[in-house]
Structure formats: structure tokens, C-alpha cells
$ cat my_file_30.txt   # compact mmCIF, C-alpha atoms
# COMPACT_ATOMS: atom_id res chain seq x y z
CA LEU A 1 75.28 121.24 -45.75
CA GLY A 2 77.47 120.47 -48.73
CA ALA A 3 74.69 121.34 -51.16
CA LEU A 4 74.05 124.60 -49.32
CA ILE A 5 77.74 125.58 -49.44
CA GLU A 6 77.94 124.74 -53.13
CA GLN A 7 74.80 126.77 -53.77
CA GLU A 8 76.24 129.73 -51.87
CA THR A 9 79.77 129.70 -53.32
CA CYS A 10 79.92 127.82 -56.62
CA ILE A 11 79.03 129.59 -59.83
CA SER A 12 80.61 126.42 -61.23
CA LEU A 13 82.58 123.66 -59.53
CA LYS A 14 85.75 125.08 -61.11
CA HIS A 15 85.14 128.70 -60.05
CA ARG A 16 87.90 130.13 -57.84
CA TYR A 17 85.48 130.84 -54.98
CA CYS A 18 83.77 127.44 -55.06
CA TRP A 19 84.06 126.01 -51.53
CA SER A 20 86.24 128.96 -50.51
CA PRO A 21 85.81 130.88 -47.25
CA SER A 22 86.92 133.95 -49.21
CA ALA A 23 83.75 133.79 -51.35
CA ARG A 24 82.09 137.19 -51.30
CA LEU A 25 79.02 138.91 -52.69
CA LYS A 26 79.33 142.66 -52.35
CA THR A 27 76.97 145.34 -53.59
CA SER A 28 76.39 148.88 -52.38
CA ARG A 29 73.72 147.62 -49.96
CA GLU A 30 74.67 144.02 -49.19
CA GLU A 31 77.65 141.87 -48.25
CA GLY A 32 77.57 138.07 -48.23
CA ALA A 33 80.63 136.39 -46.74
CA GLY A 34 82.29 133.00 -46.65
CA LEU A 35 81.14 129.45 -47.25
CA GLY A 36 77.64 130.11 -45.95
CA GLN A 37 77.39 133.63 -47.36
CA LEU A 38 76.41 135.14 -44.03
CA THR A 39 74.90 138.45 -45.05
CA ARG A 40 74.54 141.94 -43.74
CA ALA A 41 72.47 144.53 -45.53
CA TRP A 42 71.90 148.25 -45.32
CA SER A 43 68.89 150.41 -46.15
CA SER A 44 69.05 153.19 -48.73
CA THR A 45 69.85 155.59 -45.86
CA GLY A 46 72.87 153.50 -44.84
CA ALA A 47 71.28 152.07 -41.69
CA LEU A 48 72.01 148.42 -40.98
CA ARG A 49 68.89 146.36 -41.88
CA PHE A 50 70.21 143.03 -40.63
CA ASP A 51 73.43 141.21 -39.84
CA ALA A 52 73.09 137.43 -40.19
CA LEU A 53 76.61 136.87 -38.87
CA GLN A 54 75.78 138.63 -35.61
CA GLU A 55 72.37 136.92 -35.39
CA THR A 56 74.08 133.54 -35.84
CA ARG A 57 76.70 134.33 -33.20
CA GLU A 58 73.89 135.05 -30.76
CA LEU A 59 72.50 131.53 -31.31
CA ASP A 60 75.72 130.00 -29.90
CA PRO A 61 78.04 132.68 -28.50
CA VAL A 62 80.58 130.19 -27.15
CA ALA A 63 81.03 128.11 -30.29
CA LEU A 64 81.06 131.19 -32.52
CA ARG A 65 82.94 133.67 -30.31
CA GLU A 66 85.78 133.98 -32.85
CA LEU A 67 83.47 134.52 -35.84
CA THR A 68 83.59 138.18 -36.83
CA TRP A 69 83.49 140.18 -40.03
CA GLU A 70 87.28 140.18 -39.80
CA THR A 71 87.61 136.36 -39.54
CA VAL A 72 84.72 135.17 -41.73
CA TYR A 73 86.80 135.23 -44.94
CA GLU A 74 89.64 133.22 -43.39
CA ARG A 75 88.09 130.62 -41.09
CA ALA A 76 86.38 127.79 -42.96
CA ASP A 77 85.84 125.98 -39.66
CA LEU A 78 83.82 128.88 -38.26
CA ASN A 79 81.88 129.23 -41.53
CA ILE A 80 80.79 125.59 -41.35
CA ARG A 81 80.04 125.81 -37.65
CA ALA A 82 77.88 128.91 -38.24
CA ALA A 83 75.90 127.21 -41.01
CA LEU A 84 75.34 124.18 -38.79
CA VAL A 85 74.22 126.37 -35.87
CA LYS A 86 71.70 128.19 -38.11
CA LEU A 87 70.36 124.98 -39.61
CA LYS A 88 70.11 123.23 -36.23
CA ASP A 89 68.25 126.20 -34.72
CA CYS A 90 65.80 126.13 -37.61
CA ASP A 91 65.31 122.37 -37.34
CA ILE A 92 64.58 122.64 -33.61
CA ARG A 93 62.12 125.49 -34.15
CA LEU A 94 60.27 123.65 -36.91
CA SER A 95 60.17 120.44 -34.88
CA ARG A 96 58.41 122.42 -32.15
CA LEU A 97 55.95 123.61 -34.81
CA THR A 98 55.26 119.93 -35.55
CA VAL A 99 56.82 119.76 -39.01
CA ALA A 100 57.42 116.03 -38.69
CA ASP A 101 58.80 115.16 -42.11
CA PRO A 102 62.61 115.61 -42.19
CA TYR A 103 62.72 116.37 -45.95
CA ASN A 104 60.18 119.17 -45.60
CA ARG A 105 62.02 120.54 -42.54
CA THR A 106 65.20 120.56 -44.64
CA ALA A 107 63.43 122.46 -47.44
CA PHE A 108 61.91 124.93 -44.96
CA CYS A 109 65.28 125.44 -43.27
CA ASP A 110 66.99 126.09 -46.59
CA ALA A 111 64.33 128.70 -47.39
CA ALA A 112 64.85 130.24 -43.93
CA TYR A 113 68.64 130.13 -44.32
CA ASN A 114 68.36 132.08 -47.56
CA GLY A 115 65.44 134.38 -46.79
CA GLY A 116 65.14 134.55 -43.02
CA MET A 117 63.10 132.68 -40.44
CA GLY A 118 60.53 135.46 -40.19
CA GLY A 119 59.90 135.28 -43.92
CA LEU A 120 59.50 131.51 -43.77
CA LEU A 121 57.01 131.73 -40.88
CA ASN A 122 55.01 134.34 -42.81
CA ASP A 123 55.02 132.11 -45.90
CA ARG A 124 53.69 129.19 -43.86
CA LYS A 125 50.91 131.42 -42.48
CA LEU A 126 49.93 132.50 -45.99
CA CYS A 127 49.79 128.86 -47.01
CA ALA A 128 47.73 127.91 -43.95
CA PHE A 129 45.11 130.51 -44.88
CA THR A 130 44.93 129.30 -48.50
CA SER A 131 42.49 126.56 -49.42
CA GLY A 132 44.29 123.39 -50.48
CA CYS A 133 47.69 124.50 -49.20
CA ASP A 134 49.39 122.41 -46.51
CA PRO A 135 51.85 124.52 -44.43
CA GLN A 136 53.61 121.32 -43.34
CA GLN A 137 54.82 120.76 -46.92
CA TRP A 138 57.24 122.86 -48.93
CA PHE A 139 57.07 121.61 -52.53
CA ASN A 140 53.84 122.52 -54.36
CA HIS A 141 52.44 124.04 -51.16
CA THR A 142 54.28 126.64 -49.05
CA GLU A 143 56.78 127.32 -51.85
CA ARG A 144 53.95 128.89 -53.88
CA TYR A 145 52.98 131.53 -51.30
CA SER A 146 55.07 134.42 -50.06
CA SER A 147 55.02 138.11 -49.33
CA LYS A 148 58.56 138.39 -50.71
CA SER A 149 58.92 140.87 -53.55
CA ARG A 150 58.36 139.55 -57.05
CA THR A 151 60.06 142.57 -58.61
CA LYS A 152 63.40 141.65 -60.16
CA TRP A 153 66.39 143.10 -58.30
CA GLN A 154 68.82 145.15 -60.30
CA GLY A 155 72.02 143.19 -60.85
CA TYR A 156 70.43 139.85 -59.93
CA GLY A 157 67.90 139.31 -62.71
CA LEU A 158 65.57 137.61 -60.23
CA SER A 159 63.19 138.78 -57.52
CA ALA A 160 63.61 138.03 -53.81
CA PHE A 161 60.81 135.46 -54.21
CA GLU A 162 62.50 133.78 -57.18
CA ILE A 163 65.94 133.74 -55.52
CA ASN A 164 64.53 132.14 -52.38
CA ARG A 165 62.54 129.49 -54.20
CA GLU A 166 65.38 128.73 -56.60
CA HIS A 167 67.75 128.35 -53.64
CA VAL A 168 65.66 125.53 -52.17
CA LYS A 169 65.25 123.78 -55.50
CA LEU A 170 68.93 124.00 -56.40
CA ALA A 171 70.21 123.02 -52.96
CA LEU A 172 67.77 120.17 -52.29
CA VAL A 173 66.92 118.83 -55.71
CA VAL A 174 69.74 119.67 -58.08
CA ARG A 175 72.81 119.67 -55.85
CA ARG A 176 71.76 117.30 -53.04
CA GLU A 177 69.74 114.63 -54.82
CA ASN A 178 71.46 114.64 -58.19
CA ASN A 179 74.91 115.68 -56.97
CA VAL A 180 75.21 118.07 -59.91
CA PRO A 181 76.06 121.79 -59.71

$ encode --input "my_file_30.txt" --output "C-alpha cells"
Amino acid sequence: LGALIEQETCISLKHRYCWSPSARLKTSREEGAGLGQLTRAWSSTGALRFDALQETRELDPVALRELTWETVYERADLNIRAALVKLKDCDIRLSRLTVADPYNRTAFCDAAYNGGMGGLLNDRKLCAFTSGCDPQQWFNHTERYSSKSRTKWQGYGLSAFEINREHVKLALVVRRENNVP
């Protein structure tokens, strides 16, 4: 969890938004909020594409009843609770899909946290249909296959695929294992 929060909020460990619930990513079509950068995004027509804050609230309405777009920038406790609810839901779902290895479940859940559970499940299917790819493993297997766009996003310098894969590597390998930002 700590590595995920650092990945989401810390450009550097001395940045003013590092570990701050007021951390915010805002573009014309996306808003990421708080310690876990819960995100909502809009289509080019202005229609809401998804709202991860609302989706997370629906996973545990009682525990997250006070988490709103008005409170997300002020309530670190709710930010952490929301991240834990999302990660726990993912872990339970992957356990049911017989991903037995905890490290691989953690990698898969980080990918799902960043890029959505549906995207992760699609990536695992692509891997399963590829000779030599084991959909129970993230590194050097599922991480290589995705239907996510490989076109670089304006303002990001990376594609959706690259952002998602980098997120897992930085959160699990760089920040978690080496304890380095």
C-alpha cells in the first residue's frame, strides 16, 4: 500500500504532494484525486466514462459512505480505506481465479488498480491464448500482452500500456522491494 501511494503521489519524496490527500492530477478529460489517485474520466463529448471513486464506494458502501468528490482531497483516512477496499476486492477475485502466488496476485492487483479490473482480465485472456505465456504469472508473461493503447498520450509521454506496466514495476520492484522512489 505504501509503495502504491508513493507511486500515485510522489514525483519525488520531497514534492509537496507526496503522501498528501490533496494530490491531484487534472486534465480536460481526467481527474485523479488523493492518496490513491481515484480517477474519473470523461469522453470527448463530455460524458462520464468511469468514476473509480464511485465504483470503490460500491464495493463497501458502509466503510466508504463519507468518501465523495468533496471529501477525497481532505480525508487521508478515507483515501487509505478506499485503496485497501480496492486491493482486497482484487485479491479476493484473483484468489477465486486460482492465482495462488501472493506476489503475482499483488502485481496483478497493482495493474488492475491502475488500469482497471476489466483490462487486467482481458490481458490474462490474451496471455492464456499465447503459446508459452502463463496467465498465472505477471512478470515476463501477462505483462507482455495487452489490448491497451500503445499510442503515447499527449501530456504524458507514455501510452496507456506503458503507464500501466511501469506502474507495476515501479510500485512492486522499485518502491516496494528497494524502498527507493

$ axis_aligned_box --input "my_file_30.txt" --around "stretch 144-159 of chain A" --padding-each-side "5 Å" --output "JSON"
{"center_x": 62.5, "center_y": 137.0, "center_z": -56.0, "size_x": 29.0, "size_y": 26.3, "size_z": 23.4}

$ residues_around --input "my_file_30.txt" --residues "A:Leu25" --least-positions-apart "5" --cutoff "9 Å" --atoms "all atoms listed in the file" --output "compact mmCIF listing (two decimals) with C-alpha atoms, in the coordinates of the input"
# COMPACT_ATOMS: atom_id res chain seq x y z
CA GLU A 30 74.67 144.02 -49.19
CA GLU A 31 77.65 141.87 -48.25
CA GLY A 32 77.57 138.07 -48.23
CA ALA A 33 80.63 136.39 -46.74
CA GLN A 37 77.39 133.63 -47.36
CA THR A 39 74.90 138.45 -45.05

$ residues_around --input "my_file_30.txt" --residues "A:Ala111" --least-positions-apart "2" --cutoff "8 Å" --atoms "only C-alpha atoms" --output "ChimeraX atom specification"
/A:107-109,113-116,120,164-165,167-168

$ residues_near_point --input "my_file_30.txt" --point "(74.1, 144.6, -55.1)" --cutoff "12 Å" --atoms "only C-alpha atoms" --output "ChimeraX atom specification"
/A:24-32,39-44,153-157

$ residues_around --input "my_file_30.txt" --residues "A:Ala52" --least-positions-apart "2" --cutoff "7 Å" --atoms "only C-alpha atoms" --output "list in words"
Leu38, Thr39, Arg40, Phe50, Gln54, Glu55 and Thr56 of chain A

$ atom_distance --input "my_file_30.txt" --atom1 "atom CA of A:Gln136" --atom2 "atom CA of A:Lys169"
17.0 Å

$ atom_distance --input "my_file_30.txt" --atom1 "atom CA of A:Leu78" --atom2 "atom CA of A:Leu64"
6.8 Å

$ closest_residue --input "my_file_30.txt" --among "A:Ile163, A:Leu53, A:Leu87, A:Ala23" --to "A:Tyr73" --atoms "all atoms listed in the file"
A:Ala23

$ residues_around --input "my_file_30.txt" --residues "A:Gly2" --least-positions-apart "2" --cutoff "9 Å" --atoms "only C-alpha atoms" --output "PDB file with C-alpha atoms, in the coordinates of the input"
ATOM      1  CA  LEU A   4      74.050 124.600 -49.320  1.00  0.00           C
ATOM      2  CA  ILE A   5      77.740 125.580 -49.440  1.00  0.00           C
ATOM      3  CA  GLU A   6      77.940 124.740 -53.130  1.00  0.00           C
ATOM      4  CA  GLN A   7      74.800 126.770 -53.770  1.00  0.00           C
ATOM      5  CA  ALA A 171      70.210 123.020 -52.960  1.00  0.00           C
ATOM      6  CA  ARG A 175      72.810 119.670 -55.850  1.00  0.00           C
ATOM      7  CA  ARG A 176      71.760 117.300 -53.040  1.00  0.00           C
TER       8      ARG A 176
END

$ residues_around --input "my_file_30.txt" --residues "A:Thr142" --least-positions-apart "3" --cutoff "12 Å" --atoms "only C-alpha atoms" --output "ChimeraX atom specification"
/A:104-105,107-108,111,119-139,145-147,165,168

$ write_last_selection --input "my_file_30.txt" --atoms "C-alpha atoms" --output "CSV table (one decimal), in the frame of the given file"
chain,number,residue,atom,x,y,z
A,104,ASN,CA,60.2,119.2,-45.6
A,105,ARG,CA,62.0,120.5,-42.5
A,107,ALA,CA,63.4,122.5,-47.4
A,108,PHE,CA,61.9,124.9,-45.0
A,111,ALA,CA,64.3,128.7,-47.4
A,119,GLY,CA,59.9,135.3,-43.9
A,120,LEU,CA,59.5,131.5,-43.8
A,121,LEU,CA,57.0,131.7,-40.9
A,122,ASN,CA,55.0,134.3,-42.8
A,123,ASP,CA,55.0,132.1,-45.9
A,124,ARG,CA,53.7,129.2,-43.9
A,125,LYS,CA,50.9,131.4,-42.5
A,126,LEU,CA,49.9,132.5,-46.0
A,127,CYS,CA,49.8,128.9,-47.0
A,128,ALA,CA,47.7,127.9,-44.0
A,129,PHE,CA,45.1,130.5,-44.9
A,130,THR,CA,44.9,129.3,-48.5
A,131,SER,CA,42.5,126.6,-49.4
A,132,GLY,CA,44.3,123.4,-50.5
A,133,CYS,CA,47.7,124.5,-49.2
A,134,ASP,CA,49.4,122.4,-46.5
A,135,PRO,CA,51.8,124.5,-44.4
A,136,GLN,CA,53.6,121.3,-43.3
A,137,GLN,CA,54.8,120.8,-46.9
A,138,TRP,CA,57.2,122.9,-48.9
A,139,PHE,CA,57.1,121.6,-52.5
A,145,TYR,CA,53.0,131.5,-51.3
A,146,SER,CA,55.1,134.4,-50.1
A,147,SER,CA,55.0,138.1,-49.3
A,165,ARG,CA,62.5,129.5,-54.2
A,168,VAL,CA,65.7,125.5,-52.2

$ atom_distance --input "my_file_30.txt" --atom1 "atom CA of A:Lys86" --atom2 "atom CA of A:Glu70"
19.7 Å

$ closest_residue --input "my_file_30.txt" --among "A:Leu35, A:Trp19, A:Arg150, A:Leu94" --to "A:Ile80" --atoms "all atoms listed in the file"
A:Leu35

$ decode --input "my_file_30.txt" --residues "stretch 102-115 of chain A" --atoms "all heavy atoms" --output "PDB file, in the first residue's frame"
ATOM      1  N   PRO A 102       1.060 -15.197  -4.000  1.00  0.00           N
ATOM      2  CA  PRO A 102       0.736 -13.859  -3.486  1.00  0.00           C
ATOM      3  C   PRO A 102       1.467 -12.727  -4.214  1.00  0.00           C
ATOM      4  O   PRO A 102       0.896 -11.655  -4.420  1.00  0.00           O
ATOM      5  CB  PRO A 102       1.153 -13.902  -2.016  1.00  0.00           C
ATOM      6  CG  PRO A 102       1.319 -15.328  -1.675  1.00  0.00           C
ATOM      7  CD  PRO A 102       1.584 -16.066  -2.948  1.00  0.00           C
ATOM      8  N   TYR A 103       2.718 -12.945  -4.613  1.00  0.00           N
ATOM      9  CA  TYR A 103       3.463 -11.884  -5.312  1.00  0.00           C
ATOM     10  C   TYR A 103       2.824 -11.587  -6.668  1.00  0.00           C
ATOM     11  O   TYR A 103       2.658 -10.426  -7.050  1.00  0.00           O
ATOM     12  CB  TYR A 103       4.933 -12.278  -5.468  1.00  0.00           C
ATOM     13  CG  TYR A 103       5.783 -11.147  -5.991  1.00  0.00           C
ATOM     14  CD1 TYR A 103       6.103 -10.056  -5.184  1.00  0.00           C
ATOM     15  CD2 TYR A 103       6.268 -11.158  -7.292  1.00  0.00           C
ATOM     16  CE1 TYR A 103       6.882  -9.017  -5.657  1.00  0.00           C
ATOM     17  CE2 TYR A 103       7.051 -10.123  -7.774  1.00  0.00           C
ATOM     18  CZ  TYR A 103       7.354  -9.053  -6.953  1.00  0.00           C
ATOM     19  OH  TYR A 103       8.123  -8.023  -7.432  1.00  0.00           O
ATOM     20  N   ASN A 104       2.441 -12.627  -7.390  1.00  0.00           N
ATOM     21  CA  ASN A 104       1.782 -12.404  -8.674  1.00  0.00           C
ATOM     22  C   ASN A 104       0.414 -11.766  -8.482  1.00  0.00           C
ATOM     23  O   ASN A 104       0.037 -10.882  -9.255  1.00  0.00           O
ATOM     24  CB  ASN A 104       1.677 -13.711  -9.470  1.00  0.00           C
ATOM     25  CG  ASN A 104       2.951 -13.992 -10.220  1.00  0.00           C
ATOM     26  OD1 ASN A 104       3.313 -13.279 -11.134  1.00  0.00           O
ATOM     27  ND2 ASN A 104       3.668 -15.014  -9.802  1.00  0.00           N
ATOM     28  N   ARG A 105      -0.334 -12.162  -7.453  1.00  0.00           N
ATOM     29  CA  ARG A 105      -1.615 -11.504  -7.180  1.00  0.00           C
ATOM     30  C   ARG A 105      -1.403 -10.023  -6.896  1.00  0.00           C
ATOM     31  O   ARG A 105      -2.172  -9.181  -7.346  1.00  0.00           O
ATOM     32  CB  ARG A 105      -2.347 -12.166  -6.005  1.00  0.00           C
ATOM     33  CG  ARG A 105      -3.211 -13.325  -6.399  1.00  0.00           C
ATOM     34  CD  ARG A 105      -4.271 -13.696  -5.366  1.00  0.00           C
ATOM     35  NE  ARG A 105      -3.859 -13.602  -3.988  1.00  0.00           N
ATOM     36  CZ  ARG A 105      -3.282 -14.587  -3.288  1.00  0.00           C
ATOM     37  NH1 ARG A 105      -3.040 -15.755  -3.862  1.00  0.00           N
ATOM     38  NH2 ARG A 105      -2.969 -14.406  -2.021  1.00  0.00           N
ATOM     39  N   THR A 106      -0.337  -9.695  -6.158  1.00  0.00           N
ATOM     40  CA  THR A 106      -0.035  -8.295  -5.866  1.00  0.00           C
ATOM     41  C   THR A 106       0.267  -7.536  -7.155  1.00  0.00           C
ATOM     42  O   THR A 106      -0.225  -6.420  -7.355  1.00  0.00           O
ATOM     43  CB  THR A 106       1.143  -8.193  -4.876  1.00  0.00           C
ATOM     44  OG1 THR A 106       0.797  -8.888  -3.676  1.00  0.00           O
ATOM     45  CG2 THR A 106       1.468  -6.750  -4.547  1.00  0.00           C
ATOM     46  N   ALA A 107       1.061  -8.128  -8.039  1.00  0.00           N
ATOM     47  CA  ALA A 107       1.365  -7.484  -9.323  1.00  0.00           C
ATOM     48  C   ALA A 107       0.098  -7.308 -10.152  1.00  0.00           C
ATOM     49  O   ALA A 107      -0.157  -6.224 -10.700  1.00  0.00           O
ATOM     50  CB  ALA A 107       2.402  -8.298 -10.091  1.00  0.00           C
ATOM     51  N   PHE A 108      -0.714  -8.355 -10.238  1.00  0.00           N
ATOM     52  CA  PHE A 108      -1.970  -8.262 -10.986  1.00  0.00           C
ATOM     53  C   PHE A 108      -2.871  -7.181 -10.395  1.00  0.00           C
ATOM     54  O   PHE A 108      -3.494  -6.412 -11.124  1.00  0.00           O
ATOM     55  CB  PHE A 108      -2.713  -9.606 -10.974  1.00  0.00           C
ATOM     56  CG  PHE A 108      -2.134 -10.656 -11.876  1.00  0.00           C
ATOM     57  CD1 PHE A 108      -1.880 -11.929 -11.392  1.00  0.00           C
ATOM     58  CD2 PHE A 108      -1.869 -10.402 -13.212  1.00  0.00           C
ATOM     59  CE1 PHE A 108      -1.371 -12.926 -12.213  1.00  0.00           C
ATOM     60  CE2 PHE A 108      -1.357 -11.388 -14.048  1.00  0.00           C
ATOM     61  CZ  PHE A 108      -1.105 -12.657 -13.541  1.00  0.00           C
ATOM     62  N   CYS A 109      -2.954  -7.139  -9.073  1.00  0.00           N
ATOM     63  CA  CYS A 109      -3.834  -6.150  -8.440  1.00  0.00           C
ATOM     64  C   CYS A 109      -3.327  -4.732  -8.623  1.00  0.00           C
ATOM     65  O   CYS A 109      -4.117  -3.799  -8.753  1.00  0.00           O
ATOM     66  CB  CYS A 109      -4.048  -6.482  -6.961  1.00  0.00           C
ATOM     67  SG  CYS A 109      -5.135  -7.908  -6.740  1.00  0.00           S
ATOM     68  N   ASP A 110      -2.017  -4.550  -8.668  1.00  0.00           N
ATOM     69  CA  ASP A 110      -1.496  -3.220  -8.962  1.00  0.00           C
ATOM     70  C   ASP A 110      -1.854  -2.815 -10.390  1.00  0.00           C
ATOM     71  O   ASP A 110      -2.278  -1.685 -10.637  1.00  0.00           O
ATOM     72  CB  ASP A 110       0.021  -3.152  -8.749  1.00  0.00           C
ATOM     73  CG  ASP A 110       0.513  -1.727  -8.851  1.00  0.00           C
ATOM     74  OD1 ASP A 110       0.374  -0.987  -7.852  1.00  0.00           O
ATOM     75  OD2 ASP A 110       1.003  -1.332  -9.923  1.00  0.00           O
ATOM     76  N   ALA A 111      -1.724  -3.748 -11.325  1.00  0.00           N
ATOM     77  CA  ALA A 111      -2.111  -3.467 -12.714  1.00  0.00           C
ATOM     78  C   ALA A 111      -3.600  -3.137 -12.801  1.00  0.00           C
ATOM     79  O   ALA A 111      -4.003  -2.202 -13.508  1.00  0.00           O
ATOM     80  CB  ALA A 111      -1.773  -4.639 -13.621  1.00  0.00           C
ATOM     81  N   ALA A 112      -4.422  -3.883 -12.063  1.00  0.00           N
ATOM     82  CA  ALA A 112      -5.866  -3.619 -12.060  1.00  0.00           C
ATOM     83  C   ALA A 112      -6.172  -2.289 -11.382  1.00  0.00           C
ATOM     84  O   ALA A 112      -7.051  -1.552 -11.829  1.00  0.00           O
ATOM     85  CB  ALA A 112      -6.611  -4.750 -11.362  1.00  0.00           C
ATOM     86  N   TYR A 113      -5.463  -1.975 -10.307  1.00  0.00           N
ATOM     87  CA  TYR A 113      -5.673  -0.706  -9.609  1.00  0.00           C
ATOM     88  C   TYR A 113      -5.422   0.449 -10.574  1.00  0.00           C
ATOM     89  O   TYR A 113      -6.181   1.401 -10.634  1.00  0.00           O
ATOM     90  CB  TYR A 113      -4.729  -0.590  -8.409  1.00  0.00           C
ATOM     91  CG  TYR A 113      -5.037   0.588  -7.526  1.00  0.00           C
ATOM     92  CD1 TYR A 113      -5.817   0.424  -6.393  1.00  0.00           C
ATOM     93  CD2 TYR A 113      -4.578   1.860  -7.827  1.00  0.00           C
ATOM     94  CE1 TYR A 113      -6.132   1.499  -5.575  1.00  0.00           C
ATOM     95  CE2 TYR A 113      -4.885   2.943  -7.024  1.00  0.00           C
ATOM     96  CZ  TYR A 113      -5.662   2.761  -5.895  1.00  0.00           C
ATOM     97  OH  TYR A 113      -5.980   3.834  -5.099  1.00  0.00           O
ATOM     98  N   ASN A 114      -4.368   0.346 -11.345  1.00  0.00           N
ATOM     99  CA  ASN A 114      -4.006   1.415 -12.268  1.00  0.00           C
ATOM    100  C   ASN A 114      -4.834   1.413 -13.545  1.00  0.00           C
ATOM    101  O   ASN A 114      -5.201   2.470 -14.041  1.00  0.00           O
ATOM    102  CB  ASN A 114      -2.520   1.323 -12.619  1.00  0.00           C
ATOM    103  CG  ASN A 114      -2.116   2.332 -13.666  1.00  0.00           C
ATOM    104  OD1 ASN A 114      -2.036   1.981 -14.842  1.00  0.00           O
ATOM    105  ND2 ASN A 114      -1.883   3.558 -13.244  1.00  0.00           N
ATOM    106  N   GLY A 115      -5.122   0.240 -14.092  1.00  0.00           N
ATOM    107  CA  GLY A 115      -5.747   0.180 -15.409  1.00  0.00           C
ATOM    108  C   GLY A 115      -7.101  -0.488 -15.474  1.00  0.00           C
ATOM    109  O   GLY A 115      -7.627  -0.705 -16.561  1.00  0.00           O
TER     110      GLY A 115
END
